[in-house]
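Structure file data-v8.txt (compact mmCIF, C-alpha atoms) is printed below.
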```
# COMPACT_ATOMS: atom_id res chain seq x y z
CA MET A 202 29.44 34.08 -10.81
CA LYS A 203 27.67 33.99 -14.14
CA VAL A 204 24.04 32.95 -14.54
CA VAL A 205 22.22 31.36 -17.48
CA ILE A 206 18.55 32.27 -17.40
CA GLY A 207 15.78 30.06 -18.78
CA ILE A 208 12.30 31.41 -19.53
CA ASP A 209 9.27 29.32 -20.55
CA VAL A 210 6.46 31.49 -21.88
CA GLY A 211 3.07 29.80 -21.84
CA GLY A 212 -0.39 31.09 -22.64
CA SER A 213 -1.09 32.45 -19.15
CA THR A 214 1.95 31.50 -17.08
CA THR A 215 5.61 32.36 -17.50
CA LYS A 216 8.26 30.38 -15.63
CA ILE A 217 11.85 31.40 -15.05
CA VAL A 218 14.91 29.72 -13.57
CA GLY A 219 18.64 30.21 -13.50
CA PHE A 220 21.78 28.09 -13.38
CA ALA A 221 24.88 29.50 -11.73
CA THR A 222 27.85 28.58 -13.92
CA GLY A 223 31.56 29.19 -13.98
CA GLY A 224 32.65 26.86 -11.20
CA THR A 225 34.38 23.51 -11.49
CA GLY A 226 31.26 21.47 -10.81
CA ALA A 227 27.95 21.13 -12.60
CA PRO A 228 25.78 24.24 -13.02
CA LYS A 229 23.85 24.98 -9.81
CA LEU A 230 20.09 25.36 -10.02
CA MET A 231 18.63 28.55 -8.56
CA PRO A 232 15.06 28.56 -7.16
CA PRO A 233 12.54 28.76 -10.02
CA LEU A 234 9.47 30.97 -9.97
CA PHE A 235 6.45 31.76 -12.11
CA ILE A 236 4.06 34.62 -12.70
CA ARG A 237 0.62 34.81 -14.29
CA ALA A 238 -0.12 37.33 -17.03
CA ASN A 239 -2.20 37.10 -20.18
CA ASP A 240 0.16 39.26 -22.21
CA PRO A 241 3.37 37.33 -23.02
CA VAL A 242 5.62 40.37 -23.33
CA THR A 243 4.44 41.72 -19.98
CA SER A 244 4.90 38.33 -18.35
CA ILE A 245 8.45 37.86 -19.72
CA TYR A 246 9.69 41.22 -18.50
CA GLY A 247 7.82 40.83 -15.22
CA ALA A 248 9.28 37.38 -14.55
CA PHE A 249 12.78 38.53 -15.50
CA GLY A 250 12.63 41.56 -13.22
CA LYS A 251 11.25 39.59 -10.31
CA PHE A 252 13.87 36.85 -10.69
CA ILE A 253 16.91 39.13 -10.73
CA ASP A 254 15.50 41.12 -7.82
CA GLU A 255 14.80 38.07 -5.63
CA ASN A 256 18.23 36.63 -6.37
CA ASP A 257 20.07 39.94 -5.94
CA LEU A 258 21.47 39.79 -9.47
CA SER A 259 22.57 42.57 -11.80
CA LEU A 260 22.42 42.51 -15.59
CA SER A 261 26.18 42.03 -15.69
CA ASP A 262 25.73 38.70 -13.86
CA ILE A 263 23.60 37.30 -16.71
CA GLU A 264 25.57 35.31 -19.26
CA LYS A 265 22.66 34.64 -21.61
CA VAL A 266 18.91 34.16 -21.70
CA MET A 267 17.34 31.00 -23.14
CA MET A 268 13.67 31.07 -24.11
CA THR A 269 11.03 28.55 -25.10
CA GLY A 270 7.26 28.25 -25.18
CA VAL A 271 4.46 29.53 -27.37
CA GLY A 272 4.87 33.11 -26.17
CA ALA A 273 8.60 33.37 -26.81
CA SER A 274 7.96 34.33 -30.43
CA PHE A 275 6.51 37.66 -29.28
CA ILE A 276 9.96 38.81 -28.18
CA LYS A 277 11.59 40.28 -31.29
CA ARG A 278 14.76 41.63 -29.71
CA ASP A 279 17.25 40.71 -27.00
CA LEU A 280 16.22 41.40 -23.40
CA TYR A 281 18.12 44.44 -22.11
CA ASP A 282 20.78 43.81 -24.77
CA LEU A 283 21.56 40.40 -23.24
CA PRO A 284 22.26 37.50 -25.62
CA CYS A 285 18.98 35.60 -26.16
CA GLU A 286 18.46 32.22 -27.80
CA ARG A 287 15.32 30.23 -28.61
CA VAL A 288 15.20 26.57 -27.63
CA PRO A 289 12.90 23.94 -29.21
CA GLU A 290 10.29 23.13 -26.59
CA PHE A 291 10.54 19.35 -26.98
CA ARG A 292 14.28 19.51 -26.24
CA SER A 293 13.55 21.57 -23.14
CA ILE A 294 10.94 19.05 -21.99
CA GLY A 295 13.33 16.11 -22.41
CA LEU A 296 16.38 17.67 -20.75
CA GLY A 297 14.27 19.02 -17.90
CA GLY A 298 12.67 15.64 -17.28
CA LEU A 299 16.07 13.94 -17.11
CA TYR A 300 17.39 16.57 -14.73
CA ILE A 301 14.56 16.50 -12.19
CA SER A 302 14.32 12.68 -12.23
CA GLY A 303 18.02 11.86 -12.29
CA LEU A 304 17.29 9.13 -14.84
CA SER A 305 19.34 8.32 -17.93
CA ASP A 306 16.52 7.00 -20.12
CA CYS A 307 12.85 7.81 -19.69
CA LEU A 308 9.63 9.04 -21.18
CA VAL A 309 8.89 12.66 -20.27
CA VAL A 310 5.26 13.74 -20.36
CA SER A 311 4.47 17.45 -20.32
CA LEU A 312 0.97 18.05 -18.96
CA GLY A 313 0.07 21.53 -20.14
CA THR A 314 -2.90 22.83 -22.10
CA GLY A 315 -2.48 19.65 -24.11
CA THR A 316 -0.08 16.76 -23.56
CA ALA A 317 3.32 16.26 -25.21
CA ILE A 318 5.46 13.11 -24.90
CA VAL A 319 9.18 12.78 -25.59
CA HIS A 320 11.71 9.98 -25.16
CA ALA A 321 14.83 11.41 -23.51
CA LYS A 322 18.28 9.89 -23.07
CA ARG A 323 21.28 11.22 -21.21
CA ASP A 324 23.38 11.23 -24.39
CA GLY A 325 21.24 14.16 -25.50
CA THR A 326 18.89 12.26 -27.79
CA ILE A 327 15.38 13.70 -27.50
CA ASP A 328 12.68 12.10 -29.66
CA TYR A 329 9.19 13.56 -29.87
CA LEU A 330 6.74 10.65 -29.81
CA GLY A 331 3.47 12.54 -30.10
CA GLY A 332 0.86 13.65 -27.63
CA SER A 333 -2.79 14.35 -27.09
CA GLY A 334 -5.12 17.32 -27.23
CA VAL A 335 -6.42 16.20 -23.84
CA GLY A 336 -4.82 18.19 -21.04
CA GLY A 337 -5.36 21.24 -18.87
CA GLY A 338 -7.31 23.00 -21.60
CA THR A 339 -9.73 20.07 -21.72
CA LEU A 340 -10.12 20.17 -17.95
CA MET A 341 -10.86 23.88 -17.91
CA GLY A 342 -13.12 23.82 -20.97
CA LEU A 343 -15.30 20.95 -19.78
CA SER A 344 -15.49 22.44 -16.28
CA LYS A 345 -16.63 25.77 -17.67
CA LEU A 346 -19.20 24.05 -19.86
CA LEU A 347 -20.56 21.52 -17.34
CA LEU A 348 -19.87 23.18 -13.99
CA LYS A 349 -19.82 26.88 -14.85
CA ALA A 350 -16.48 26.97 -13.04
CA ASP A 351 -13.15 28.22 -14.40
CA ASN A 352 -10.97 28.36 -11.29
CA ILE A 353 -8.78 25.27 -11.02
CA ASP A 354 -8.59 25.35 -7.22
CA HIS A 355 -12.38 25.56 -7.04
CA ILE A 356 -12.79 22.67 -9.48
CA VAL A 357 -10.39 20.46 -7.51
CA ASP A 358 -12.20 21.33 -4.28
CA ILE A 359 -15.59 20.45 -5.77
CA ALA A 360 -14.29 17.09 -7.02
CA LYS A 361 -13.17 15.94 -3.55
CA GLU A 362 -16.67 14.72 -2.68
CA GLY A 363 -17.37 13.20 -6.10
CA ASP A 364 -18.40 9.59 -6.73
CA LEU A 365 -17.16 8.08 -10.01
CA SER A 366 -19.67 5.24 -9.83
CA ARG A 367 -22.31 7.76 -10.88
CA ILE A 368 -20.24 8.90 -13.89
CA ASP A 369 -17.99 6.19 -15.33
CA LEU A 370 -18.78 2.72 -16.61
CA ARG A 371 -16.56 0.13 -14.92
CA ILE A 372 -15.64 -3.43 -15.91
CA SER A 373 -17.83 -4.70 -13.06
CA ASP A 374 -20.83 -2.89 -14.59
CA ILE A 375 -20.68 -4.84 -17.84
CA THR A 376 -19.63 -8.35 -16.84
CA ALA A 377 -19.98 -10.72 -13.92
CA SER A 378 -17.03 -12.75 -15.12
CA ASP A 379 -13.71 -12.73 -13.28
CA ASP A 380 -11.93 -14.00 -16.39
CA MET A 381 -10.79 -10.60 -17.72
CA GLN A 382 -7.05 -11.25 -18.10
CA ASN A 383 -6.31 -10.07 -14.55
CA MET A 384 -7.89 -6.66 -15.11
CA PRO A 385 -9.26 -5.11 -11.89
CA ARG A 386 -13.03 -5.08 -11.89
CA ASP A 387 -13.12 -1.38 -10.98
CA LEU A 388 -11.11 -0.47 -14.09
CA THR A 389 -12.81 2.13 -16.30
CA ALA A 390 -14.56 0.71 -19.34
CA SER A 391 -15.94 4.08 -20.49
CA ASN A 392 -15.39 7.57 -19.12
CA PHE A 393 -18.77 9.27 -18.66
CA GLY A 394 -20.35 6.06 -19.91
CA ASN A 395 -22.61 5.57 -16.89
CA VAL A 396 -23.89 9.04 -16.00
CA SER A 397 -26.61 8.73 -13.40
CA ASP A 398 -29.72 10.89 -13.21
CA ILE A 399 -28.70 11.70 -9.65
CA ALA A 400 -25.09 12.66 -10.52
CA THR A 401 -24.08 15.75 -8.60
CA LYS A 402 -21.82 18.66 -9.46
CA GLU A 403 -19.15 16.98 -7.34
CA ASP A 404 -19.49 13.73 -9.31
CA ILE A 405 -19.15 15.55 -12.63
CA ALA A 406 -16.07 17.46 -11.44
CA LYS A 407 -14.37 14.23 -10.40
CA GLY A 408 -15.38 12.61 -13.68
CA ILE A 409 -13.72 15.40 -15.65
CA LEU A 410 -10.50 15.10 -13.66
CA ASN A 411 -10.54 11.34 -14.00
CA THR A 412 -11.13 11.47 -17.76
CA VAL A 413 -8.20 13.82 -18.33
CA PHE A 414 -5.70 11.93 -16.15
CA GLU A 415 -6.77 8.47 -17.33
CA THR A 416 -6.41 9.58 -20.95
CA VAL A 417 -2.97 11.05 -20.31
CA GLY A 418 -1.96 7.93 -18.39
CA MET A 419 -3.02 5.46 -21.07
CA VAL A 420 -1.50 7.47 -23.94
CA SER A 421 1.76 7.61 -21.95
CA ILE A 422 1.69 3.86 -21.31
CA PHE A 423 1.23 3.12 -25.02
CA ALA A 424 4.11 5.47 -25.86
CA ALA A 425 6.37 3.87 -23.23
CA ARG A 426 5.70 0.41 -24.63
CA SER A 427 6.50 1.65 -28.12
CA ALA A 428 9.77 3.23 -26.96
CA GLY A 429 10.75 0.26 -24.79
CA VAL A 430 11.00 2.22 -21.52
CA ARG A 431 9.36 1.74 -18.15
CA ASP A 432 9.95 5.05 -16.35
CA ILE A 433 7.52 7.88 -17.15
CA VAL A 434 8.33 11.31 -15.72
CA LEU A 435 5.34 13.60 -15.35
CA THR A 436 5.92 17.35 -15.67
CA GLY A 437 3.96 20.57 -16.09
CA ASN A 438 1.38 22.52 -14.12
CA LEU A 439 -1.25 19.78 -14.27
CA SER A 440 1.11 17.29 -12.62
CA THR A 441 0.97 19.30 -9.39
CA LEU A 442 -2.75 18.71 -8.79
CA PRO A 443 -3.47 16.36 -5.87
CA TYR A 444 -5.62 14.17 -8.11
CA ALA A 445 -2.63 13.58 -10.41
CA LYS A 446 -0.73 11.82 -7.63
CA GLU A 447 -3.82 9.84 -6.66
CA LYS A 448 -4.49 8.66 -10.20
CA PHE A 449 -0.90 7.85 -11.16
CA ASP A 450 -0.38 5.99 -7.89
CA GLU A 451 -3.29 3.84 -9.05
CA PHE A 452 -1.52 3.17 -12.34
CA ASN A 453 1.67 2.25 -10.44
CA GLY A 454 -0.36 -0.10 -8.27
CA MET A 455 -1.32 -2.05 -11.39
CA HIS A 456 2.26 -2.75 -12.44
CA ASP A 457 1.48 -6.32 -13.46
CA LEU A 458 -1.07 -4.96 -15.93
CA TYR A 459 0.76 -1.90 -17.29
CA GLY A 460 4.42 -2.54 -16.48
CA VAL A 461 5.41 1.12 -16.09
CA ASN A 462 6.52 3.43 -13.30
CA PHE A 463 5.04 6.94 -13.16
CA LEU A 464 7.21 9.50 -11.38
CA LEU A 465 6.29 12.93 -9.99
CA PRO A 466 9.67 14.43 -9.03
CA GLU A 467 10.30 17.66 -7.15
CA ASN A 468 10.14 20.71 -9.44
CA ALA A 469 7.94 18.81 -11.93
CA ARG A 470 6.12 22.07 -12.67
CA PHE A 471 9.39 23.69 -13.75
CA ALA A 472 10.93 20.83 -15.77
CA THR A 473 10.59 22.52 -19.16
CA VAL A 474 12.12 25.82 -18.07
CA ILE A 475 14.94 23.94 -16.32
CA GLY A 476 15.67 22.13 -19.58
CA THR A 477 15.61 25.46 -21.41
CA ALA A 478 18.24 26.95 -19.11
CA LEU A 479 20.39 23.82 -19.36
CA CYS A 480 20.58 24.34 -23.12
CA GLY A 481 22.45 27.55 -22.46
CA CYS A 482 25.08 26.08 -20.16
CA LYS A 483 28.45 25.47 -21.79
CA LYS A 484 27.93 21.74 -21.49
CA GLU A 485 24.36 20.47 -21.30
CA SER A 486 24.08 18.51 -18.10
CA ALA A 487 21.24 16.36 -16.85
CA LYS A 488 23.06 15.64 -13.60
CA LYS A 489 22.05 17.39 -10.41
```
How does the structure come out when it is put into structure tokens?
Amino acid sequence: MKVVIGIDVGGSTTKIVGFATGGTGAPKLMPPLFIRANDPVTSIYGAFGKFIDENDLSLSDIEKVMMTGVGASFIKRDLYDLPCERVPEFRSIGLGGLYISGLSDCLVVSLGTGTAIVHAKRDGTIDYLGGSGVGGGTLMGLSKLLLKADNIDHIVDIAKEGDLSRIDLRISDITASDDMQNMPRDLTASNFGNVSDIATKEDIAKGILNTVFETVGMVSIFAARSAGVRDIVLTGNLSTLPYAKEKFDEFNGMHDLYGVNFLLPENARFATVIGTALCGCKKESAKK
């Protein structure tokens, strides 16, 4: 058995995955994992060592190592004399999104520190459509500023008891008319546009989460309309938060208004690193 390793080096998290190759079928995905470390070189070597140990691999089993992410540039030489290649991150995002969703044509949205959007097709065409500076970095920055909190689990826990009516301005707050082109009356007219004097820490936390996910959702919808696709695959660390599912289920519930289908597949957190590893397989495959 030979294994192609994929490594995605972020600012504070490094993800790693492998595909077992050499058989007659499609490459077989091995369980992905991630580690946290602020130093990219430390995180790369730590993730690599942990992965080969947990999967009982030796260096001779590794066919090649594929790398992507902002931290990959810090590695100036091959890992342990293994062949190493850099992969454009947008290609990794697109191929990974196709793989985890099983779709042949979709928008793939990477929710990281910011948000990146690509249009991916099974023929290998990956088009970068743009993105937004609103993402996980926004969530953490605003939470630190307004809540004095910088632990994501703590922020999510605080937001559970929040009430958006004391933070956001809704359609129902600005008009009594029902003639709004079938828009739900509880639709947001302005994020943080109705902050109450009695707004609590919980309300603010929920408002921050809602602002980030509504922004990502609407930017994705506009991009999907431009590309002529309906399926939007959500990937990245931020997609794993419970509020992400809650918010994007709301978007899906308004299909008559938006006309898109948001998907949160299994392994959404690892989509980019999966796409990175696929680039190293003899024949790129988006089929499970």
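When only C-alpha atoms are used to measure the gap to Thr214 of chain A, the shortest distance among A:Gly226, A:Ile368, A:Gly313, A:Pro385 belongs to A:Gly313.
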For the point (6.8, 16.6, -7.2) in the file's frame, write as a CSV table (one decimal) with C-alpha atoms, keeping the file's coordinate frame all residues with an atom no more than 9 Å away, counting all atoms listed in the file.
```csv
chain,number,residue,atom,x,y,z
A,435,LEU,CA,5.3,13.6,-15.4
A,436,THR,CA,5.9,17.4,-15.7
A,440,SER,CA,1.1,17.3,-12.6
A,441,THR,CA,1.0,19.3,-9.4
A,446,LYS,CA,-0.7,11.8,-7.6
A,464,LEU,CA,7.2,9.5,-11.4
A,465,LEU,CA,6.3,12.9,-10.0
A,466,PRO,CA,9.7,14.4,-9.0
A,467,GLU,CA,10.3,17.7,-7.2
A,468,ASN,CA,10.1,20.7,-9.4
A,469,ALA,CA,7.9,18.8,-11.9
A,470,ARG,CA,6.1,22.1,-12.7
```
### Task
Work out how far apart atom CA of Lys349 of chain A and atom CA of Glu403 of chain A are and give it in Å to one decimal.
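These two atoms are separated by 12.4 Å.
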### Leu312 of chain A environment, 12 Å, only C-alpha atoms, sequence neighbours closer than 2 positions dropped, as a VMD selection string
chain A and resid 294 309 to 310 314 to 319 332 to 340 413 to 414 416 to 418 420 to 421 434 to 442 445 465 469 to 473
### Task
Go ahead and compute the interatomic distance for atom CA of Glu255 of chain A and atom CA of Val205 of chain A, in Å to one decimal.
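These two atoms are separated by 15.5 Å.
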### Query
Looking at only C-alpha atoms, which of A:Arg367, A:Lys265, A:Lys402, A:Arg426 is the one that sits closest to Leu283 of chain A?
A:Lys265
### Query
atom CA of Ala273 of chain A and atom CA of Phe291 of chain A, how far apart in Å?
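Value for the atom CA of Phe291 of chain A-atom CA of Ala273 of chain A distance: 14.2 Å.
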### Message
So that I can see what lies close to Asn392 of chain A, please list as a list of chain:residue names the residues with an atom at most 9 Å from it, counting only C-alpha atoms and leaving out residues fewer than 4 positions away in the same chain.
### Response
A:Ile368, A:Asp369, A:Leu370, A:Arg371, A:Gly408, A:Ile409, A:Asn411, A:Thr412, A:Glu415
I need the residues from that last selection saved to file as a compact mmCIF listing (two decimals), keeping the file's coordinate frame (with C-alpha atoms), if you can.
```txt
# COMPACT_ATOMS: atom_id res chain seq x y z
CA ILE A 368 -20.24 8.90 -13.89
CA ASP A 369 -17.99 6.19 -15.33
CA LEU A 370 -18.78 2.72 -16.61
CA ARG A 371 -16.56 0.13 -14.92
CA GLY A 408 -15.38 12.61 -13.68
CA ILE A 409 -13.72 15.40 -15.65
CA ASN A 411 -10.54 11.34 -14.00
CA THR A 412 -11.13 11.47 -17.76
CA GLU A 415 -6.77 8.47 -17.33
```
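Comparing the minimum interatomic distances between Ile372 of chain A and each of A:Ile475, A:Val218, A:Ala390, A:Val430, counting all atoms listed in the file, we find that A:Ala390 sits nearest.
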### Query
Which is closest to Lys407 of chain A among A:Ala377, A:Ala248, A:Leu347, A:Val461, if we use only C-alpha atoms?
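The closest residue to Lys407 of chain A is A:Leu347.
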### Query
Which polymer residues, protein or nucleic acid, are no farther than 6 Å from (6.6, 7.3, -25.6), counting only C-alpha atoms, as an NGL selection string?
:A and (308 or 318 or 320 or 330 or 424-425 or 428)
### Message
Under the rule that only C-alpha atoms are counted, which of A:Ser293, A:Ser344, A:Thr326, A:Ser391 is the nearest residue to Asp306 of chain A?
### Response
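Nearest to Asp306 of chain A: A:Thr326.
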### Query
Which of these, A:Asp209, A:Glu447, A:Asp387, A:Asp404, has the shortest distance to Arg287 of chain A once you count only C-alpha atoms?
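Residue with the minimum atom-to-atom distance to Arg287 of chain A: A:Asp209.
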3 Å per side around segment 252-259 of chain A: axis-aligned box centre and edge lengths, as AutoDock Vina command-line options:
```
--center_x 18.2 --center_y 39.6 --center_z -8.7 --size_x 14.7 --size_y 11.9 --size_z 12.2
```
Since the input is missing atoms for segment 384-395 of chain A, could you rebuild it with all heavy atoms and give the result as a PDB file, in the frame of the given file?
```
ATOM      1  N   MET A 384      -7.546  -8.074 -15.224  1.00  0.00           N
ATOM      2  CA  MET A 384      -7.890  -6.660 -15.110  1.00  0.00           C
ATOM      3  C   MET A 384      -8.743  -6.434 -13.867  1.00  0.00           C
ATOM      4  O   MET A 384      -9.702  -7.182 -13.621  1.00  0.00           O
ATOM      5  CB  MET A 384      -8.655  -6.180 -16.345  1.00  0.00           C
ATOM      6  CG  MET A 384      -7.794  -6.018 -17.579  1.00  0.00           C
ATOM      7  SD  MET A 384      -8.658  -5.101 -18.883  1.00  0.00           S
ATOM      8  CE  MET A 384     -10.024  -6.191 -19.234  1.00  0.00           C
ATOM      9  N   PRO A 385      -8.434  -5.410 -13.066  1.00  0.00           N
ATOM     10  CA  PRO A 385      -9.260  -5.110 -11.890  1.00  0.00           C
ATOM     11  C   PRO A 385     -10.692  -4.806 -12.317  1.00  0.00           C
ATOM     12  O   PRO A 385     -10.920  -4.145 -13.335  1.00  0.00           O
ATOM     13  CB  PRO A 385      -8.575  -3.866 -11.299  1.00  0.00           C
ATOM     14  CG  PRO A 385      -7.177  -3.896 -11.820  1.00  0.00           C
ATOM     15  CD  PRO A 385      -7.272  -4.513 -13.184  1.00  0.00           C
ATOM     16  N   ARG A 386     -11.633  -5.245 -11.520  1.00  0.00           N
ATOM     17  CA  ARG A 386     -13.030  -5.080 -11.890  1.00  0.00           C
ATOM     18  C   ARG A 386     -13.492  -3.625 -11.789  1.00  0.00           C
ATOM     19  O   ARG A 386     -14.512  -3.249 -12.370  1.00  0.00           O
ATOM     20  CB  ARG A 386     -13.917  -5.981 -11.023  1.00  0.00           C
ATOM     21  CG  ARG A 386     -13.727  -7.464 -11.340  1.00  0.00           C
ATOM     22  CD  ARG A 386     -14.603  -8.359 -10.470  1.00  0.00           C
ATOM     23  NE  ARG A 386     -16.020  -8.017 -10.566  1.00  0.00           N
ATOM     24  CZ  ARG A 386     -16.793  -8.346 -11.606  1.00  0.00           C
ATOM     25  NH1 ARG A 386     -16.278  -9.017 -12.634  1.00  0.00           N
ATOM     26  NH2 ARG A 386     -18.069  -8.016 -11.615  1.00  0.00           N
ATOM     27  N   ASP A 387     -12.737  -2.787 -11.061  1.00  0.00           N
ATOM     28  CA  ASP A 387     -13.120  -1.380 -10.980  1.00  0.00           C
ATOM     29  C   ASP A 387     -12.429  -0.529 -12.042  1.00  0.00           C
ATOM     30  O   ASP A 387     -12.506   0.699 -12.029  1.00  0.00           O
ATOM     31  CB  ASP A 387     -12.837  -0.818  -9.586  1.00  0.00           C
ATOM     32  CG  ASP A 387     -11.355  -0.860  -9.229  1.00  0.00           C
ATOM     33  OD1 ASP A 387     -10.578  -1.496  -9.972  1.00  0.00           O
ATOM     34  OD2 ASP A 387     -10.979  -0.240  -8.207  1.00  0.00           O
ATOM     35  N   LEU A 388     -11.760  -1.173 -13.005  1.00  0.00           N
ATOM     36  CA  LEU A 388     -11.110  -0.470 -14.090  1.00  0.00           C
ATOM     37  C   LEU A 388     -12.165   0.215 -14.969  1.00  0.00           C
ATOM     38  O   LEU A 388     -13.242  -0.327 -15.189  1.00  0.00           O
ATOM     39  CB  LEU A 388     -10.299  -1.447 -14.935  1.00  0.00           C
ATOM     40  CG  LEU A 388      -9.131  -0.896 -15.761  1.00  0.00           C
ATOM     41  CD1 LEU A 388      -8.050  -0.341 -14.838  1.00  0.00           C
ATOM     42  CD2 LEU A 388      -8.561  -1.984 -16.648  1.00  0.00           C
ATOM     43  N   THR A 389     -11.858   1.384 -15.476  1.00  0.00           N
ATOM     44  CA  THR A 389     -12.810   2.130 -16.300  1.00  0.00           C
ATOM     45  C   THR A 389     -12.987   1.476 -17.661  1.00  0.00           C
ATOM     46  O   THR A 389     -12.021   1.250 -18.384  1.00  0.00           O
ATOM     47  CB  THR A 389     -12.324   3.584 -16.493  1.00  0.00           C
ATOM     48  OG1 THR A 389     -12.115   4.201 -15.224  1.00  0.00           O
ATOM     49  CG2 THR A 389     -13.352   4.394 -17.271  1.00  0.00           C
ATOM     50  N   ALA A 390     -14.234   1.205 -18.005  1.00  0.00           N
ATOM     51  CA  ALA A 390     -14.560   0.710 -19.340  1.00  0.00           C
ATOM     52  C   ALA A 390     -14.930   1.865 -20.265  1.00  0.00           C
ATOM     53  O   ALA A 390     -14.660   1.816 -21.466  1.00  0.00           O
ATOM     54  CB  ALA A 390     -15.712  -0.288 -19.277  1.00  0.00           C
ATOM     55  N   SER A 391     -15.534   2.922 -19.693  1.00  0.00           N
ATOM     56  CA  SER A 391     -15.940   4.080 -20.490  1.00  0.00           C
ATOM     57  C   SER A 391     -16.067   5.305 -19.591  1.00  0.00           C
ATOM     58  O   SER A 391     -16.899   5.319 -18.679  1.00  0.00           O
ATOM     59  CB  SER A 391     -17.271   3.805 -21.205  1.00  0.00           C
ATOM     60  OG  SER A 391     -17.711   4.944 -21.894  1.00  0.00           O
ATOM     61  N   ASN A 392     -15.254   6.313 -19.859  1.00  0.00           N
ATOM     62  CA  ASN A 392     -15.390   7.570 -19.120  1.00  0.00           C
ATOM     63  C   ASN A 392     -16.710   8.245 -19.492  1.00  0.00           C
ATOM     64  O   ASN A 392     -17.051   8.364 -20.673  1.00  0.00           O
ATOM     65  CB  ASN A 392     -14.232   8.522 -19.451  1.00  0.00           C
ATOM     66  CG  ASN A 392     -12.891   7.989 -18.988  1.00  0.00           C
ATOM     67  OD1 ASN A 392     -12.093   7.525 -19.796  1.00  0.00           O
ATOM     68  ND2 ASN A 392     -12.642   8.027 -17.700  1.00  0.00           N
ATOM     69  N   PHE A 393     -17.446   8.658 -18.500  1.00  0.00           N
ATOM     70  CA  PHE A 393     -18.770   9.270 -18.660  1.00  0.00           C
ATOM     71  C   PHE A 393     -19.737   8.331 -19.372  1.00  0.00           C
ATOM     72  O   PHE A 393     -20.708   8.766 -19.988  1.00  0.00           O
ATOM     73  CB  PHE A 393     -18.663  10.606 -19.417  1.00  0.00           C
ATOM     74  CG  PHE A 393     -18.277  11.763 -18.526  1.00  0.00           C
ATOM     75  CD1 PHE A 393     -16.951  11.987 -18.213  1.00  0.00           C
ATOM     76  CD2 PHE A 393     -19.244  12.603 -17.987  1.00  0.00           C
ATOM     77  CE1 PHE A 393     -16.585  13.029 -17.375  1.00  0.00           C
ATOM     78  CE2 PHE A 393     -18.888  13.649 -17.151  1.00  0.00           C
ATOM     79  CZ  PHE A 393     -17.552  13.869 -16.840  1.00  0.00           C
ATOM     80  N   GLY A 394     -19.487   7.034 -19.257  1.00  0.00           N
ATOM     81  CA  GLY A 394     -20.350   6.060 -19.910  1.00  0.00           C
ATOM     82  C   GLY A 394     -21.468   5.542 -19.037  1.00  0.00           C
ATOM     83  O   GLY A 394     -22.231   4.662 -19.460  1.00  0.00           O
ATOM     84  N   ASN A 395     -21.595   6.074 -17.816  1.00  0.00           N
ATOM     85  CA  ASN A 395     -22.610   5.570 -16.890  1.00  0.00           C
ATOM     86  C   ASN A 395     -23.168   6.721 -16.054  1.00  0.00           C
ATOM     87  O   ASN A 395     -23.332   6.608 -14.853  1.00  0.00           O
ATOM     88  CB  ASN A 395     -22.000   4.505 -15.974  1.00  0.00           C
ATOM     89  CG  ASN A 395     -23.038   3.739 -15.179  1.00  0.00           C
ATOM     90  OD1 ASN A 395     -24.143   3.506 -15.657  1.00  0.00           O
ATOM     91  ND2 ASN A 395     -22.676   3.338 -13.963  1.00  0.00           N
TER      92      ASN A 395
END
```
